[in-house]
Amino acid sequence: ILNPQSLLNATCISWQEFSQSESPFKGKLLTDDKILTEKLQAIGIFNHKPIIVFSNTINGWGEDGRIVWMLRTLGHQKSFLVDGGFAALVKGGFPTVNFTKNNSPPRGDFVVNRNKNWHISQNELKTSLEKDNLVIIDSRGPQEYAGKTPYGEQRGGHIPGAIHIYFKYWLDNNGMLLSRDKILEMLTEKGITKDKIIVTYCTGGVRSAWSTSVLTDLGFKVKNYSGSMWEWSASSSDIYPLEISRKEGVGVLEDTERGRHGDAERGCHRVTASPYLRFLMGSRGVREK
């Protein structure tokens with residue numbers, strides 16, 4: 001459900017507009033840089049202007065982090081999350097207007113120039129699994145990590161060796177990021193330090209992109225595997241295996257229950273129904289995270 005209000009001069013987009021439409025690659029960005037350049041210029045993205053991205057952090061899926069990750073991956077160096085999202089901006093006194101998706105910003109001049117530091121492919125991740133300095137973070141919920149497949153995954157479980165850190169564990173009840181020290185403490189307890197190379201993933205590279213954006217701003221070296229479970233689980237289990245953990249209070253599905261057609265349709269609908277994002281172009285006074 002779209003928020004009935006947005007901010008003055010904000011432009012509304014969804015992450016799906018810039019992603020592939022065919023399963024199992026819906027989490028991956030479009031491959032044609034010319035198409036991406038056209039789309040980004042049409043919504044007013046300029047090379048020299050900072051991009052402030054916000055969404056509903058309490059009820060959302062980390063869509064704001066996905067857009068920030070996308071912009072950084074495509075070469076925009078000045079894109080930032082708003083800590084606390086739309087609610088924090090309203091609380092801070094930013095003027096709101098009735099929501100409209102038809103805002104027409106001035107045409108931008110941004111040209112895509114991909115930065116490989118932000119993304120890792122399926123094959124690159126597969127060949128890196130045995131590296132000692134690699135840490136894989138699973139940003140999904142605990143039941144997904146344990147084996148459930150609510151969003152159209154063809155197999156359940158998690159990538160071998162992945163550490164589970166649900167992306168909302170780093171938010172308080174108001175949708176604000178925990179303190180820097182608290183997040184670093186949580187990471188240290190799991191053996192995640194700044195000398196490691198971190199790869200994040202989820203179902204379709206949205207929640208993991210949010211984790212990537214936050215961890216990068218904390219000084220970690222992080223890449224998002226945008227293909228995530230949609231792509232990994234659809235590939236050969238001999239080449240791209242999954243593990244299943246039995247945790248207290250978390251059920252594990254049997255093979256015959258995973259990836260049923262009905263579950264896949266319901267799951268995909270839930271993902272594609274995610275709220276739209278709002279962009280605030282060139283604003284001042286917003287805390288960069």
# chains A, B, ... in the order shown; residues from 1 in each chain; ligands from 1
call {"tool": "residues_around", "arguments": {"residues": "region 208-222 of chain A", "least_positions_apart": "3", "cutoff": "6 Å", "atoms": "only C-alpha atoms", "output": "JSON, numbers by chain"}}
result
{"A": [62, 65, 66, 69, 139, 194, 197, 198, 199, 200, 201, 202, 205]}
call {"tool": "write_last_selection", "arguments": {"atoms": "C-alpha atoms", "output": "mmCIF file, in the first residue's frame"}}
result
data_model
loop_
_atom_site.group_PDB
_atom_site.id
_atom_site.type_symbol
_atom_site.label_atom_id
_atom_site.label_comp_id
_atom_site.auth_asym_id
_atom_site.auth_seq_id
_atom_site.Cartn_x
_atom_site.Cartn_y
_atom_site.Cartn_z
ATOM 1 C CA GLY A 62 15.117 -2.545 2.572
ATOM 2 C CA GLY A 65 19.181 0.194 0.468
ATOM 3 C CA ARG A 66 18.587 -1.645 -2.791
ATOM 4 C CA TRP A 69 23.358 -0.184 -3.802
ATOM 5 C CA SER A 139 19.969 -11.279 5.391
ATOM 6 C CA LYS A 194 36.999 -5.345 8.723
ATOM 7 C CA ILE A 197 35.545 -9.773 2.505
ATOM 8 C CA ILE A 198 31.779 -9.878 3.064
ATOM 9 C CA VAL A 199 29.145 -11.146 0.644
ATOM 10 C CA THR A 200 25.470 -10.606 1.442
ATOM 11 C CA TYR A 201 22.468 -12.345 -0.079
ATOM 12 C CA CYS A 202 18.744 -12.843 0.556
ATOM 13 C CA GLY A 205 19.039 -9.141 -3.569
#
call {"tool": "closest_atom_pairs", "arguments": {"of": "region 22-133 of chain A", "to": "region 177-191 of chain A", "cutoff": "10 Å", "atoms": "only C-alpha atoms", "output": "tab-separated table"}}
result
residue	atom	partner	partner_atom	distance
A:Thr57	CA	A:Leu177	CA	9.6
A:Val82	CA	A:Leu177	CA	9.9
A:Asp83	CA	A:Leu177	CA	6.3
A:Gly84	CA	A:Leu177	CA	7.1
call {"tool": "select_by_dssp", "arguments": {"residues": "region 41-205 of chain A", "states": "strand (DSSP E or B)", "output": "list in words"}}
result
Ile51, Ile52, Val53, Phe54, Ser79, Phe80, Leu81, Val82, Thr96, Val97, Asn98, His119, Leu134, Val135, Ile136, Ile137, Asp138, His158, Ile163, His164, Leu171, Leu177, Ile197, Ile198, Val199, Thr200 and Tyr201 of chain A
call {"tool": "atom_distance", "arguments": {"atom1": "CA of Ile120 (chain A)", "atom2": "CA of Arg155 (chain A)"}}
result
21.0 Å
call {"tool": "atom_distance", "arguments": {"atom1": "CA of Met229 (chain A)", "atom2": "CA of Leu81 (chain A)"}}
result
24.7 Å
call {"tool": "residues_around", "arguments": {"residues": "Trp118 (chain A)", "least_positions_apart": "4", "cutoff": "7 Å", "atoms": "only C-alpha atoms", "output": "list in words"}}
result
Thr73, Val222, Lys223 and Asn224 of chain A
call {"tool": "closest_residue", "arguments": {"among": "A:Ile45, A:Ala162, A:Ile51, A:Leu36", "to": "Arg114 (chain A)", "atoms": "only C-alpha atoms"}}
result
A:Leu36
call {"tool": "closest_residue", "arguments": {"among": "A:Glu243, A:Gln16, A:Gly108, A:Leu7", "to": "Gly204 (chain A)", "atoms": "only C-alpha atoms"}}
result
A:Gln16
call {"tool": "closest_residue", "arguments": {"among": "A:Lys49, A:Lys91, A:Arg107, A:Arg207", "to": "Ser79 (chain A)", "atoms": "only C-alpha atoms"}}
result
A:Lys49
call {"tool": "select_by_dssp", "arguments": {"residues": "region 50-257 of chain A", "states": "helix (DSSP H, G or I)", "output": "MDAnalysis selection string"}}
result
chainID A and resid 63:73 85:91 116:118 122:128 142:146 167:170 180:189 207:217 228:234 255:257
call {"tool": "closest_residue", "arguments": {"among": "A:Leu71, A:Ser235, A:Thr203, A:Ile244", "to": "Gly156 (chain A)", "atoms": "only C-alpha atoms"}}
result
A:Ile244
call {"tool": "residues_around", "arguments": {"residues": "Leu129 (chain A)", "least_positions_apart": "2", "cutoff": "12 Å", "atoms": "only C-alpha atoms", "output": "JSON list (two decimals) with C-alpha atoms, in the first residue's frame"}}
result
[["chain", "number", "residue", "atom", "x", "y", "z"],
["A", 122, "GLN", "CA", 26.98, -16.56, -8.82],
["A", 123, "ASN", "CA", 30.09, -18.17, -10.30],
["A", 124, "GLU", "CA", 32.42, -15.76, -8.48],
["A", 125, "LEU", "CA", 30.75, -16.59, -5.19],
["A", 126, "LYS", "CA", 30.90, -20.33, -5.89],
["A", 127, "THR", "CA", 34.64, -20.23, -6.53],
["A", 131, "LYS", "CA", 38.50, -18.72, 0.95],
["A", 132, "ASP", "CA", 39.45, -18.12, 4.58],
["A", 133, "ASN", "CA", 38.84, -14.38, 4.44],
["A", 134, "LEU", "CA", 35.30, -14.68, 3.03],
["A", 135, "VAL", "CA", 32.23, -14.11, 5.21],
["A", 136, "ILE", "CA", 28.75, -14.73, 3.79],
["A", 159, "ILE", "CA", 24.50, -21.07, 1.09],
["A", 160, "PRO", "CA", 27.18, -23.23, 2.79],
["A", 161, "GLY", "CA", 28.91, -21.43, 5.64],
["A", 162, "ALA", "CA", 26.56, -18.44, 5.62],
["A", 197, "ILE", "CA", 35.54, -9.77, 2.50],
["A", 198, "ILE", "CA", 31.78, -9.88, 3.06],
["A", 199, "VAL", "CA", 29.15, -11.15, 0.64],
["A", 239, "ILE", "CA", 27.25, -27.34, -8.21],
["A", 240, "TYR", "CA", 25.36, -24.84, -6.03],
["A", 241, "PRO", "CA", 24.57, -26.70, -2.79]]
